Amino acid sequence: MSTDDECRVRDLLLPHLMGQLDDSSATLDVQEIEVVSRGRGFDVVLELLAYGERWRVRLPRDNSDSILFNGAPAPHVVRSVANMIRIHLFEWWHTKDRERRSAAMGERLA
């Protein structure tokens with residue numbers, strides 16, 4: 001069950017991560033987002049569709065991104081953290097078949 005803080009951070013990130021995300025060689029459609037506190041950091045858990053496959057990806061964020069949990073962060077801070085999560089998500093997508101660490105972050109659901 002999510003805490004109020006986790007729900008608030010999820011709501012901050014939602015408009016920047018939900019829906020279709022594109023880079024030069026992949027399109028990922030984010031269907032669900034969950035934020036899970038983890039010590040001084042947190043994880044962003046995304047369920048997405050990509051090329052007919054459904055995936056759950058858990059992206060760890062370190063304590064530098066935990067600024068989102070401190071009151072009302074500035075919009076540019078939220079956008080910056082969301083952009084880093086997007087970059088991390090595409091990096092995972094492009095390396096999941098070659099790198100053990102990346103593979104461990106994702107789980108194919110269907």
# chains A, B, ... in the order shown; residues from 1 in each chain; ligands from 1
>>> closest_atom_pairs(of="region 35-63 of chain A", to="region 20-23 of chain A", cutoff="10 Å", atoms="only C-alpha atoms", output="CSV")
residue,atom,partner,partner_atom,distance
A:Leu48,CA,A:Gln20,CA,9.2
A:Leu49,CA,A:Gln20,CA,9.1
A:Ala50,CA,A:Gln20,CA,9.7
>>> select_by_dssp(residues="chain A", states="alpha helix (DSSP H)", output="ChimeraX atom specification")
/A:4-17,75-95,100-105
>>> write_last_selection(atoms="C-alpha atoms", output="PDB file, in the first residue's frame")
ATOM      1  CA  ASP A   4       0.635   9.676   1.090  1.00  0.00           C
ATOM      2  CA  ASP A   5       4.145  10.854   0.180  1.00  0.00           C
ATOM      3  CA  GLU A   6       4.568   8.093  -2.409  1.00  0.00           C
ATOM      4  CA  CYS A   7       1.197   8.984  -3.945  1.00  0.00           C
ATOM      5  CA  ARG A   8       2.097  12.683  -4.040  1.00  0.00           C
ATOM      6  CA  VAL A   9       5.430  11.991  -5.771  1.00  0.00           C
ATOM      7  CA  ARG A  10       3.680   9.651  -8.206  1.00  0.00           C
ATOM      8  CA  ASP A  11       1.188  12.415  -9.018  1.00  0.00           C
ATOM      9  CA  LEU A  12       4.058  14.861  -9.633  1.00  0.00           C
ATOM     10  CA  LEU A  13       5.747  12.463 -12.068  1.00  0.00           C
ATOM     11  CA  LEU A  14       2.602  11.188 -13.764  1.00  0.00           C
ATOM     12  CA  PRO A  15       2.150  13.918 -16.409  1.00  0.00           C
ATOM     13  CA  HIS A  16       5.793  13.588 -17.453  1.00  0.00           C
ATOM     14  CA  LEU A  17       5.962   9.789 -17.701  1.00  0.00           C
ATOM     15  CA  PRO A  75       8.392  22.416 -11.445  1.00  0.00           C
ATOM     16  CA  HIS A  76      11.829  22.427 -13.091  1.00  0.00           C
ATOM     17  CA  VAL A  77      13.062  19.964 -10.454  1.00  0.00           C
ATOM     18  CA  VAL A  78      10.141  17.612 -11.137  1.00  0.00           C
ATOM     19  CA  ARG A  79      10.788  17.828 -14.900  1.00  0.00           C
ATOM     20  CA  SER A  80      14.477  17.164 -14.386  1.00  0.00           C
ATOM     21  CA  VAL A  81      13.875  14.040 -12.276  1.00  0.00           C
ATOM     22  CA  ALA A  82      11.224  12.831 -14.749  1.00  0.00           C
ATOM     23  CA  ASN A  83      13.661  13.307 -17.638  1.00  0.00           C
ATOM     24  CA  MET A  84      16.291  11.271 -15.804  1.00  0.00           C
ATOM     25  CA  ILE A  85      13.736   8.505 -15.247  1.00  0.00           C
ATOM     26  CA  ARG A  86      12.846   8.564 -18.975  1.00  0.00           C
ATOM     27  CA  ILE A  87      16.534   8.300 -19.889  1.00  0.00           C
ATOM     28  CA  HIS A  88      16.976   5.427 -17.436  1.00  0.00           C
ATOM     29  CA  LEU A  89      13.894   3.688 -18.867  1.00  0.00           C
ATOM     30  CA  PHE A  90      15.179   3.871 -22.455  1.00  0.00           C
ATOM     31  CA  GLU A  91      18.640   2.814 -21.329  1.00  0.00           C
ATOM     32  CA  TRP A  92      17.024  -0.229 -19.688  1.00  0.00           C
ATOM     33  CA  TRP A  93      15.064  -1.008 -22.865  1.00  0.00           C
ATOM     34  CA  HIS A  94      18.129  -0.895 -25.098  1.00  0.00           C
ATOM     35  CA  THR A  95      20.365  -2.929 -22.755  1.00  0.00           C
ATOM     36  CA  ARG A 100      22.503  -8.747 -16.510  1.00  0.00           C
ATOM     37  CA  ARG A 101      21.905  -5.691 -14.291  1.00  0.00           C
ATOM     38  CA  SER A 102      19.458  -4.193 -16.791  1.00  0.00           C
ATOM     39  CA  ALA A 103      17.714  -7.513 -17.284  1.00  0.00           C
ATOM     40  CA  ALA A 104      17.122  -7.774 -13.540  1.00  0.00           C
ATOM     41  CA  MET A 105      15.218  -4.465 -13.520  1.00  0.00           C
TER      42      MET A 105
END
>>> atom_distance(atom1="CA of Ala110 (chain A)", atom2="CA of Glu32 (chain A)")
15.2 Å
>>> residues_around(residues="Ser64 (chain A)", least_positions_apart="2", cutoff="9 Å", atoms="only C-alpha atoms", output="ChimeraX atom specification")
/A:40-41,61-62,66-67
>>> atom_distance(atom1="CA of Gly39 (chain A)", atom2="CA of Arg54 (chain A)")
28.6 Å
